[in-house]
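Structure below is data-v4.txt: compact mmCIF, C-alpha atoms.
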```
# COMPACT_ATOMS: atom_id res chain seq x y z
CA MET G 1 22.78 -15.76 -10.28
CA ARG G 2 20.15 -13.32 -9.08
CA VAL G 3 19.44 -14.60 -5.65
CA VAL G 4 19.53 -16.95 -3.09
CA SER G 5 19.76 -20.28 -1.54
CA ASP G 6 16.04 -20.02 -0.74
CA ARG G 7 15.26 -20.70 -4.39
CA ARG G 8 16.57 -24.20 -4.00
CA ALA G 9 13.90 -24.92 -1.40
CA ALA G 10 11.09 -27.24 -2.37
CA ASN G 11 8.61 -24.45 -1.69
CA PRO G 12 10.18 -21.01 -2.24
CA LEU G 13 7.22 -19.36 -0.51
CA ARG G 14 8.42 -20.99 2.71
CA GLY G 15 12.04 -19.93 2.26
CA ARG G 16 13.64 -18.25 5.27
CA SER G 17 14.48 -15.00 3.51
CA PHE G 18 11.01 -14.56 2.06
CA LEU G 19 9.32 -15.21 5.40
CA LEU G 20 11.68 -12.85 7.23
CA MET G 21 10.97 -10.15 4.68
CA LEU G 22 7.24 -10.59 5.33
CA LEU G 23 7.86 -10.30 9.06
CA ALA G 24 9.81 -7.07 8.68
CA VAL G 25 7.12 -5.60 6.43
CA LEU G 26 4.42 -6.65 8.91
CA GLY G 27 6.18 -4.77 11.71
CA GLY G 28 6.74 -1.70 9.58
CA PHE G 29 3.12 -1.50 8.47
CA ALA G 30 1.90 -2.09 12.03
CA GLY G 31 3.80 1.00 13.18
CA TYR G 32 2.43 2.98 10.24
CA VAL G 33 -1.21 1.92 10.48
CA LEU G 34 -1.50 2.35 14.24
CA LEU G 35 -0.94 6.09 13.93
CA LEU G 36 -2.69 6.77 10.63
CA PRO G 37 -5.89 8.09 12.29
CA VAL G 38 -4.16 9.00 15.59
CA VAL G 39 -1.68 11.72 14.57
CA PRO G 40 -4.40 14.01 13.14
CA LEU G 41 -6.38 13.42 16.35
CA TRP G 42 -3.30 14.32 18.42
CA ALA G 43 -2.97 17.53 16.41
CA VAL G 44 -6.61 18.41 17.12
CA VAL G 45 -6.03 17.77 20.84
CA GLY G 46 -3.20 20.28 20.56
CA GLY G 47 -5.54 22.90 19.13
CA ALA G 48 -5.10 22.43 15.38
CA GLY G 49 -8.03 22.73 13.00
CA GLU G 50 -9.15 19.89 10.76
CA ILE G 51 -7.23 21.10 7.70
CA ALA G 52 -4.00 21.48 9.70
CA ALA G 53 -4.54 18.10 11.34
CA GLY G 54 -5.00 16.46 7.94
CA ALA G 55 -1.73 18.03 6.84
CA THR G 56 0.16 15.61 9.10
CA ASN G 57 -0.87 12.67 6.94
CA ALA G 58 -0.55 14.74 3.75
CA VAL G 59 3.08 15.58 4.54
CA PHE G 60 3.74 11.96 5.45
CA MET G 61 2.46 10.77 2.06
CA LEU G 62 4.19 13.57 0.11
CA VAL G 63 7.57 12.68 1.61
CA THR G 64 6.80 9.00 1.03
CA VAL G 65 6.26 9.56 -2.70
CA LEU G 66 9.37 11.78 -3.01
CA THR G 67 11.41 9.05 -1.32
CA GLN G 68 9.94 6.41 -3.61
CA LEU G 69 11.06 8.41 -6.66
CA ALA G 70 14.66 8.06 -5.49
CA MET G 71 14.43 4.34 -4.74
CA PRO G 72 15.73 2.87 -8.05
CA TRP G 73 18.88 4.98 -7.59
CA LEU G 74 19.14 4.06 -3.91
CA LEU G 75 18.65 0.32 -4.45
CA ARG G 76 21.54 0.32 -6.93
CA ARG G 77 23.79 1.82 -4.25
CA VAL G 78 22.83 0.31 -0.90
CA GLY G 79 20.79 -2.75 -1.86
CA HIS G 80 17.38 -4.05 -0.84
CA ARG G 81 18.18 -5.23 2.67
CA VAL G 82 19.74 -1.96 3.85
CA ALA G 83 16.84 0.01 2.40
CA LEU G 84 14.28 -2.26 4.07
CA GLY G 85 16.01 -2.09 7.46
CA ALA G 86 16.41 1.68 7.26
CA GLY G 87 12.72 1.93 6.40
CA THR G 88 11.49 0.02 9.45
CA LEU G 89 13.84 1.98 11.71
CA LEU G 90 12.74 5.37 10.37
CA ILE G 91 9.07 4.49 10.75
CA GLY G 92 9.67 3.59 14.40
CA LEU G 93 12.51 5.62 15.91
CA PRO G 94 11.08 9.15 15.39
CA THR G 95 7.60 8.20 16.62
CA PRO G 96 8.01 9.02 20.36
CA LEU G 97 8.98 12.56 19.31
CA PHE G 98 5.28 13.18 18.65
CA ALA G 99 4.90 13.43 22.43
CA VAL G 100 7.47 16.21 22.74
CA SER G 101 5.30 18.92 21.22
CA LYS G 102 1.86 19.48 19.74
CA GLU G 103 3.12 22.40 17.67
CA MET G 104 2.35 21.85 13.98
CA TRP G 105 5.94 22.36 12.81
CA ALA G 106 7.07 19.56 15.14
CA LEU G 107 4.29 17.19 14.12
CA LEU G 108 4.98 17.82 10.44
CA ALA G 109 8.73 17.29 10.92
CA VAL G 110 8.22 13.92 12.64
CA SER G 111 5.65 12.93 10.01
CA GLY G 112 8.17 13.76 7.29
CA LEU G 113 10.88 11.60 8.88
CA ARG G 114 8.46 8.70 9.14
CA GLY G 115 7.43 9.29 5.53
CA ILE G 116 11.02 8.68 4.43
CA GLY G 117 10.93 5.36 6.28
CA PHE G 118 7.63 4.37 4.71
CA GLY G 119 8.94 5.15 1.23
CA LEU G 120 11.97 2.93 1.85
CA LEU G 121 9.85 0.14 3.32
CA THR G 122 7.21 0.00 0.61
CA VAL G 123 9.55 -0.06 -2.38
CA ALA G 124 12.23 -2.32 -0.89
CA GLY G 125 9.65 -4.75 0.48
CA SER G 126 7.67 -5.17 -2.73
CA ALA G 127 10.88 -5.32 -4.82
CA LEU G 128 12.08 -8.22 -2.68
CA VAL G 129 8.94 -10.13 -3.67
CA ALA G 130 10.37 -10.34 -7.18
CA GLU G 131 13.93 -11.02 -6.02
CA LEU G 132 13.34 -13.77 -3.47
CA VAL G 133 11.03 -16.13 -5.39
CA PRO G 134 10.94 -17.62 -8.92
CA VAL G 135 8.80 -15.98 -11.60
CA ALA G 136 6.31 -18.86 -11.58
CA VAL G 137 5.12 -18.08 -8.04
CA ARG G 138 5.29 -14.28 -8.08
CA GLY G 139 1.52 -13.95 -8.00
CA ARG G 140 1.21 -16.07 -4.87
CA ALA G 141 4.23 -14.33 -3.34
CA ALA G 142 2.60 -10.96 -3.99
CA GLY G 143 -0.56 -12.33 -2.37
CA LEU G 144 1.35 -13.28 0.79
CA TYR G 145 3.05 -9.90 0.75
CA GLY G 146 -0.44 -8.43 0.57
CA LEU G 147 -1.35 -10.31 3.75
CA SER G 148 1.63 -8.82 5.59
CA VAL G 149 0.54 -5.37 4.40
CA GLY G 150 -3.20 -5.85 4.78
CA LEU G 151 -3.49 -7.58 8.14
CA PRO G 152 -2.14 -4.54 10.05
CA ASN G 153 -4.83 -2.46 8.34
CA VAL G 154 -7.53 -4.85 9.50
CA VAL G 155 -6.24 -5.17 13.08
CA PHE G 156 -4.44 -1.92 13.90
CA LEU G 157 -6.44 0.70 12.01
CA PRO G 158 -9.41 0.49 14.41
CA ALA G 159 -7.12 -0.34 17.35
CA GLY G 160 -5.11 2.88 17.13
CA VAL G 161 -7.90 5.25 18.10
CA TRP G 162 -9.18 2.85 20.77
CA LEU G 163 -5.72 2.58 22.35
CA ALA G 164 -5.25 6.35 22.29
CA GLN G 165 -8.53 6.79 24.11
CA ASN G 166 -7.92 4.03 26.67
CA ILE G 167 -4.18 4.00 27.43
CA GLY G 168 -3.26 7.48 26.21
CA PHE G 169 -1.42 8.93 23.25
CA VAL G 170 2.11 8.77 24.67
CA PRO G 171 2.09 5.01 25.49
CA LEU G 172 0.64 4.40 22.03
CA PHE G 173 3.49 6.34 20.43
CA TRP G 174 5.98 4.04 22.17
CA ILE G 175 4.09 0.93 21.04
CA ALA G 176 4.02 2.22 17.46
CA ALA G 177 7.77 2.81 17.71
CA ALA G 178 8.63 -0.57 19.21
CA LEU G 179 6.87 -2.77 16.63
CA PRO G 180 8.83 -1.72 13.51
CA VAL G 181 12.13 -1.31 15.38
CA ALA G 182 11.86 -4.82 16.85
CA MET G 183 11.07 -6.33 13.45
CA THR G 184 14.16 -4.71 11.95
CA ALA G 185 16.14 -7.63 13.41
CA ALA G 186 14.56 -9.91 10.80
CA VAL G 187 16.32 -8.01 8.01
CA PHE G 188 19.77 -9.21 9.10
CA TRP G 189 18.94 -12.83 8.16
CA ILE G 190 17.54 -12.10 4.70
CA ALA G 191 19.86 -13.52 2.04
CA PRO G 192 21.59 -10.93 -0.16
CA VAL G 193 20.21 -10.26 -3.61
CA ARG G 194 21.92 -8.70 -6.60
CA ARG G 195 21.52 -4.96 -6.81
CA PRO G 196 19.84 -3.55 -9.94
CA GLU G 197 22.37 -2.77 -12.66
CA ALA G 198 23.07 0.78 -13.74
CA GLY G 199 22.58 1.81 -17.36
CA PRO G 200 20.21 3.68 -19.68
CA ALA G 201 17.23 1.46 -18.85
CA ALA G 202 17.88 1.69 -15.13
CA ALA G 203 17.96 5.48 -15.36
CA ARG G 204 14.29 5.48 -16.33
CA THR G 205 12.39 5.41 -13.05
CA PHE G 206 9.12 5.03 -14.93
CA PRO G 207 9.47 3.01 -18.18
CA VAL G 208 6.60 3.66 -20.59
CA THR G 209 5.64 -0.04 -20.52
CA LEU G 210 4.43 0.48 -16.96
CA LEU G 211 2.00 3.26 -17.84
CA SER G 212 -1.13 1.17 -18.37
CA PRO G 213 -1.00 -0.91 -15.15
CA TRP G 214 0.14 2.24 -13.32
CA LEU G 215 -2.97 4.14 -14.38
CA VAL G 216 -5.27 1.25 -13.49
CA MET G 217 -3.67 0.93 -10.05
CA CYS G 218 -3.81 4.68 -9.44
CA VAL G 219 -7.48 5.03 -10.40
CA VAL G 220 -8.67 2.13 -8.24
CA ALA G 221 -6.49 3.36 -5.34
CA THR G 222 -8.16 6.77 -5.71
CA ALA G 223 -11.58 5.16 -5.19
CA ALA G 224 -10.28 3.27 -2.15
CA GLY G 225 -8.63 6.37 -0.69
CA GLY G 226 -11.86 8.30 -1.04
CA LEU G 227 -13.80 5.54 0.69
CA VAL G 228 -11.43 5.36 3.68
CA ALA G 229 -11.38 9.14 4.10
CA PHE G 230 -15.08 9.93 3.63
CA LEU G 231 -17.18 6.83 4.27
CA PRO G 232 -17.66 7.76 7.96
CA LEU G 233 -19.14 11.07 6.83
CA ALA G 234 -21.15 9.71 3.92
CA ILE G 235 -23.28 6.97 5.46
CA THR G 236 -25.28 6.28 8.61
CA ALA G 237 -23.07 5.78 11.68
CA TRP G 238 -24.17 2.19 12.45
CA ALA G 239 -22.93 0.98 9.06
CA VAL G 240 -19.47 2.58 9.15
CA THR G 241 -17.62 0.02 11.28
CA PRO G 242 -18.94 -3.11 9.51
CA ALA G 243 -18.38 -1.47 6.12
CA LEU G 244 -14.76 -0.54 6.89
CA LEU G 245 -14.15 -4.00 8.35
CA ALA G 246 -15.61 -5.59 5.20
CA PHE G 247 -13.41 -3.35 3.06
CA GLY G 248 -10.25 -4.29 4.94
CA LEU G 249 -10.92 -8.02 4.98
CA ALA G 250 -11.94 -8.08 1.31
CA THR G 251 -8.80 -6.19 0.29
CA VAL G 252 -6.58 -8.77 1.95
CA ALA G 253 -8.60 -11.68 0.56
CA GLY G 254 -8.75 -10.18 -2.94
CA ARG G 255 -5.02 -9.68 -3.09
CA TRP G 256 -4.30 -13.23 -1.94
CA LEU G 257 -6.90 -14.86 -4.22
CA ALA G 258 -5.71 -12.88 -7.27
CA GLY G 259 -2.23 -14.31 -6.72
CA GLN G 260 -3.56 -17.85 -6.62
CA VAL G 261 -5.60 -17.42 -9.81
CA GLY G 262 -3.00 -15.33 -11.62
CA ASP G 263 -0.18 -17.85 -11.17
CA ARG G 264 -2.34 -20.71 -12.42
CA PHE G 265 -4.28 -19.10 -15.26
CA GLY G 266 -2.54 -15.79 -16.01
CA GLY G 267 -3.13 -12.25 -14.85
CA ARG G 268 -5.17 -11.46 -17.98
CA LEU G 269 -8.06 -13.37 -16.43
CA VAL G 270 -7.87 -11.31 -13.24
CA VAL G 271 -7.30 -7.65 -14.07
CA VAL G 272 -10.51 -6.78 -15.94
CA PRO G 273 -12.98 -8.45 -13.51
CA SER G 274 -11.08 -6.84 -10.64
CA VAL G 275 -11.49 -3.33 -12.04
CA VAL G 276 -15.17 -3.97 -12.78
CA LEU G 277 -15.72 -5.24 -9.22
CA ALA G 278 -14.10 -2.10 -7.80
CA GLY G 279 -16.31 0.09 -9.99
CA VAL G 280 -19.48 -1.73 -9.00
CA GLY G 281 -18.53 -1.47 -5.33
CA THR G 282 -17.95 2.28 -5.65
CA ALA G 283 -21.35 2.65 -7.32
CA ALA G 284 -22.94 0.78 -4.41
CA ILE G 285 -21.32 3.20 -1.97
CA ALA G 286 -22.87 6.05 -3.98
CA LEU G 287 -26.28 4.42 -3.45
CA ALA G 288 -25.54 3.95 0.25
CA SER G 289 -24.63 7.62 0.63
CA ALA G 290 -27.91 8.54 -1.07
CA GLY G 291 -29.88 6.71 1.61
CA ALA G 292 -29.69 3.00 0.69
CA THR G 293 -27.51 2.28 3.72
CA ALA G 294 -28.17 -1.45 3.56
CA VAL G 295 -25.86 -1.83 0.55
CA ALA G 296 -22.92 -0.07 2.25
CA VAL G 297 -21.27 -3.25 3.55
CA ALA G 298 -21.68 -5.08 0.24
CA GLY G 299 -20.34 -2.08 -1.68
CA ALA G 300 -17.34 -1.70 0.61
CA PHE G 301 -16.64 -5.45 0.33
CA ALA G 302 -16.79 -5.35 -3.50
CA LEU G 303 -14.54 -2.30 -3.71
CA GLY G 304 -12.10 -3.89 -1.26
CA ALA G 305 -12.00 -7.18 -3.16
CA GLY G 306 -11.44 -5.42 -6.48
CA PHE G 307 -8.83 -3.12 -4.96
CA GLY G 308 -6.91 -6.03 -3.46
CA ALA G 309 -6.96 -8.02 -6.69
CA VAL G 310 -5.84 -4.99 -8.72
CA GLN G 311 -2.95 -4.48 -6.30
CA ASN G 312 -1.71 -8.01 -6.92
CA VAL G 313 -2.13 -8.24 -10.66
CA THR G 314 -0.72 -4.78 -11.49
CA LEU G 315 2.36 -5.44 -9.35
CA VAL G 316 3.04 -8.73 -11.13
CA MET G 317 2.43 -7.07 -14.53
CA MET G 318 4.99 -4.40 -13.67
CA PHE G 319 7.54 -7.01 -12.59
CA GLU G 320 7.14 -8.56 -16.06
CA ARG G 321 7.88 -5.25 -17.80
CA ALA G 322 10.73 -3.67 -15.79
CA ASP G 323 13.38 -4.49 -13.19
CA SER G 324 12.14 -4.96 -9.64
CA GLY G 325 13.31 -1.56 -8.41
CA ALA G 326 11.60 0.45 -11.15
CA ALA G 327 8.47 -1.71 -11.05
CA SER G 328 8.16 -1.49 -7.27
CA THR G 329 8.76 2.26 -7.31
CA ALA G 330 6.12 2.90 -9.96
CA TRP G 331 3.57 0.63 -8.30
CA ASN G 332 3.99 2.17 -4.86
CA ILE G 333 3.72 5.67 -6.27
CA ALA G 334 0.49 4.68 -8.02
CA TYR G 335 -0.84 3.26 -4.75
CA ASP G 336 0.13 6.20 -2.55
CA ALA G 337 -0.68 8.90 -5.09
CA GLY G 338 -4.08 7.33 -5.68
CA ASN G 339 -4.85 7.30 -1.97
CA GLY G 340 -3.77 10.92 -1.68
CA ILE G 341 -5.79 12.00 -4.72
CA GLY G 342 -8.79 10.17 -3.29
CA ALA G 343 -8.59 12.00 0.02
CA VAL G 344 -8.10 15.45 -1.54
CA GLY G 345 -10.15 15.02 -4.70
CA PHE G 346 -13.17 13.59 -2.92
CA GLY G 347 -13.08 16.52 -0.51
CA VAL G 348 -13.14 19.00 -3.40
CA LEU G 349 -15.99 17.19 -5.19
CA VAL G 350 -18.02 16.76 -2.03
CA THR G 351 -17.70 20.48 -1.31
CA ALA G 352 -18.88 21.32 -4.82
CA THR G 353 -21.62 18.65 -5.06
CA ASP G 354 -22.56 15.92 -2.56
CA TYR G 355 -21.53 12.40 -1.53
CA PRO G 356 -23.73 10.43 -3.97
CA THR G 357 -22.46 12.50 -6.91
CA THR G 358 -18.85 12.17 -5.78
CA PHE G 359 -18.92 8.39 -5.34
CA GLY G 360 -21.01 7.99 -8.49
CA THR G 361 -18.52 9.99 -10.54
CA MET G 362 -15.65 7.92 -9.16
CA ALA G 363 -17.49 4.70 -10.04
CA ALA G 364 -17.86 5.90 -13.63
CA VAL G 365 -14.16 6.77 -13.82
CA VAL G 366 -13.15 3.33 -12.53
CA LEU G 367 -15.40 1.56 -15.02
CA VAL G 368 -14.06 3.69 -17.90
CA PHE G 369 -10.57 2.47 -17.03
CA THR G 370 -11.77 -1.10 -17.53
CA SER G 371 -11.36 -0.43 -21.24
CA LEU G 372 -7.69 0.47 -20.70
CA ALA G 373 -7.16 -2.82 -18.89
CA ILE G 374 -8.85 -4.72 -21.75
CA VAL G 375 -6.78 -2.99 -24.47
CA ASP G 376 -3.55 -3.48 -22.54
CA GLN G 377 -4.13 -7.18 -21.95
CA ARG G 378 -5.14 -7.82 -25.56
CA GLY G 379 -2.00 -6.04 -26.71
CA LYS G 380 0.21 -8.10 -24.42
CA ALA G 381 -1.50 -11.30 -25.56
CA ARG G 382 -0.84 -10.49 -29.24
CA SER G 383 2.78 -9.58 -28.51
CA ARG G 384 3.38 -13.06 -27.12
```
Go through the file and emit its structure as structure tokens.
Amino acid sequence: MRVVSDRRAANPLRGRSFLLMLLAVLGGFAGYVLLLPVVPLWAVVGGAGEIAAGATNAVFMLVTVLTQLAMPWLLRRVGHRVALGAGTLLIGLPTPLFAVSKEMWALLAVSGLRGIGFGLLTVAGSALVAELVPVAVRGRAAGLYGLSVGLPNVVFLPAGVWLAQNIGFVPLFWIAAALPVAMTAAVFWIAPVRRPEAGPAAARTFPVTLLSPWLVMCVVATAAGGLVAFLPLAITAWAVTPALLAFGLATVAGRWLAGQVGDRFGGRLVVVPSVVLAGVGTAAIALASAGATAVAVAGAFALGAGFGAVQNVTLVMMFERADSGAASTAWNIAYDAGNGIGAVGFGVLVTATDYPTTFGTMAAVVLVFTSLAIVDQRGKARSR
């Protein structure tokens, strides 16, 4: 038996273990999101330049991805609950150390420790989605997981900078530490699940069957990462806040709605329209950066909705094609690598060209990958 007394519940999405997992993930992401724009700002306050300040988040994401690569191995040895609890603790406990020094080596070291925690949290949390609920409701479960991940982005991303400016950096560091550490308590009451089995298949962190949804996820995440990093520089100031708010809300809504539709009618009906929507939204941002500012909010909303839906459907597709540890690892790497590529790649393209060209090129790339989603889904349909 794979899991859990929760599966006997009339509604597995209301099972104690599943809800506690969502609570732990919510706390972990709150601690992460609060400081996402704040740590680079703290580095600048300490005298660092913009490139050095950006390195704090770059190191965080690099260590996150390296940790994620080791997660299938780690889940086989310590299990999902230990990994999840260690993740929330490592996101929180090192955070007050940011206040000790503004030297870059210290900031990068603390960022790296927190990156380990984020790698543990993201893979263990999304893997538990597959382990704690039946297959028939995985889409909706992934949608609820998306809410626990997305709501901190909507609430805490703008709040972090405001709190730093109004209560100070050091009190904010303690708040960002307390939230994930407090939510670690929820992990103790999550029912145990069977650890992934060792063997030749388990040794493959990235089975080839995951390649197509991985590429789709990575490309759309690249567009989203570029938007988050460069939208404030690309469009008129008055439109930035409503556009980013629209993006955040649409991402959460898109991920939840895709789960509802996917469970009832199949993910094949969701993935292609989702990629197209993301591409159209990116094209609208290109127009906004060229002077048509009025379309910025609509473009950000469309990209967010497509991005959220792609998150849901690609995760469920990966769960169908590999064990939860390998699927969760691959998906999270696609997500984080895409965001990192977006931040760096957009910067390179903007330097060489301009914002309309950069966003326009990204829109074309996203729409080209629609064909990959179509071919993949047709192939899976024939194989059934």
Neighbours of Arg138 of chain G within 7 Å (only C-alpha atoms; same-chain residues fewer than 5 positions away dropped), as a list in words?
-> Ala130, Val133 and Val316 of chain G
Atom CA of Gly306 of chain G and atom CA of Asn332 of chain G, how far apart in Å?
-> 17.3 Å
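The shortest atom-to-atom distance to Thr184 of chain G, with only C-alpha atoms taken into account, belongs to G:Leu90 out of G:Leu128, G:Ala290, G:Leu90, G:Ile333.
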Test item: residues at most 12 Å from Val63 of chain G, only C-alpha atoms, excluding those fewer than 5 positions along its chain, as a PyMOL selection string = chain G and resi 55-58+68-70+108-120+333+336-337+340
Students should find that atom CA of Val137 of chain G and atom CA of Ser17 of chain G are spaced 15.2 Å
For Ala309 of chain G, which of G:Ile341, G:Leu287, G:Ala136, G:Ala258 is the closest residue, counting all atoms listed in the file?
->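 Closest to Ala309 of chain G, using all atoms listed in the file: G:Ala258.
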Incomplete segment 351-371 of chain G brought to N, CA, C and O atoms, written out as a compact mmCIF listing (two decimals), in the coordinates of the input:
```txt
# COMPACT_ATOMS: atom_id res chain seq x y z
N THR G 351 -17.41 19.07 -1.59
CA THR G 351 -17.70 20.48 -1.31
C THR G 351 -18.51 21.11 -2.43
O THR G 351 -19.42 21.92 -2.20
N ALA G 352 -18.20 20.73 -3.67
CA ALA G 352 -18.88 21.32 -4.82
C ALA G 352 -20.23 20.66 -5.10
O ALA G 352 -21.13 21.30 -5.66
N THR G 353 -20.38 19.37 -4.74
CA THR G 353 -21.62 18.65 -5.06
C THR G 353 -22.18 18.00 -3.80
O THR G 353 -22.66 18.67 -2.91
N ASP G 354 -22.12 16.67 -3.73
CA ASP G 354 -22.56 15.92 -2.56
C ASP G 354 -21.92 14.54 -2.61
O ASP G 354 -21.22 14.20 -3.57
N TYR G 355 -22.16 13.72 -1.59
CA TYR G 355 -21.53 12.40 -1.53
C TYR G 355 -22.01 11.44 -2.63
O TYR G 355 -21.19 10.75 -3.26
N PRO G 356 -23.31 11.34 -2.90
CA PRO G 356 -23.73 10.43 -3.97
C PRO G 356 -23.12 10.79 -5.32
O PRO G 356 -22.68 9.89 -6.06
N THR G 357 -23.06 12.08 -5.64
CA THR G 357 -22.46 12.50 -6.91
C THR G 357 -20.98 12.18 -6.95
O THR G 357 -20.44 11.72 -7.97
N THR G 358 -20.30 12.41 -5.84
CA THR G 358 -18.85 12.17 -5.78
C THR G 358 -18.53 10.69 -5.97
O THR G 358 -17.69 10.32 -6.82
N PHE G 359 -19.19 9.83 -5.21
CA PHE G 359 -18.92 8.39 -5.34
C PHE G 359 -19.42 7.87 -6.69
O PHE G 359 -18.79 6.99 -7.29
N GLY G 360 -20.52 8.40 -7.18
CA GLY G 360 -21.01 7.99 -8.49
C GLY G 360 -20.06 8.36 -9.61
O GLY G 360 -19.81 7.57 -10.53
N THR G 361 -19.50 9.56 -9.53
CA THR G 361 -18.52 9.99 -10.54
C THR G 361 -17.28 9.10 -10.50
O THR G 361 -16.75 8.70 -11.54
N MET G 362 -16.82 8.77 -9.28
CA MET G 362 -15.65 7.92 -9.16
C MET G 362 -15.92 6.53 -9.71
O MET G 362 -15.06 5.92 -10.35
N ALA G 363 -17.13 6.01 -9.49
CA ALA G 363 -17.49 4.70 -10.04
C ALA G 363 -17.42 4.72 -11.55
O ALA G 363 -16.90 3.78 -12.19
N ALA G 364 -17.90 5.80 -12.17
CA ALA G 364 -17.86 5.90 -13.63
C ALA G 364 -16.42 5.95 -14.13
O ALA G 364 -16.07 5.31 -15.13
N VAL G 365 -15.56 6.68 -13.42
CA VAL G 365 -14.16 6.77 -13.82
C VAL G 365 -13.50 5.40 -13.75
O VAL G 365 -12.76 5.00 -14.67
N VAL G 366 -13.74 4.67 -12.67
CA VAL G 366 -13.15 3.33 -12.53
C VAL G 366 -13.61 2.42 -13.66
O VAL G 366 -12.80 1.71 -14.28
N LEU G 367 -14.89 2.44 -13.97
CA LEU G 367 -15.40 1.56 -15.02
C LEU G 367 -14.88 1.96 -16.39
O LEU G 367 -14.65 1.10 -17.25
N VAL G 368 -14.67 3.25 -16.63
CA VAL G 368 -14.06 3.69 -17.90
C VAL G 368 -12.67 3.09 -18.06
O VAL G 368 -12.26 2.68 -19.15
N PHE G 369 -11.93 3.00 -16.94
CA PHE G 369 -10.57 2.47 -17.03
C PHE G 369 -10.55 0.96 -17.23
O PHE G 369 -9.49 0.39 -17.46
N THR G 370 -11.70 0.31 -17.15
CA THR G 370 -11.77 -1.10 -17.53
C THR G 370 -11.35 -1.28 -18.98
O THR G 370 -10.67 -2.26 -19.33
N SER G 371 -11.72 -0.32 -19.82
CA SER G 371 -11.36 -0.43 -21.24
C SER G 371 -9.85 -0.38 -21.43
O SER G 371 -9.30 -1.07 -22.29
```
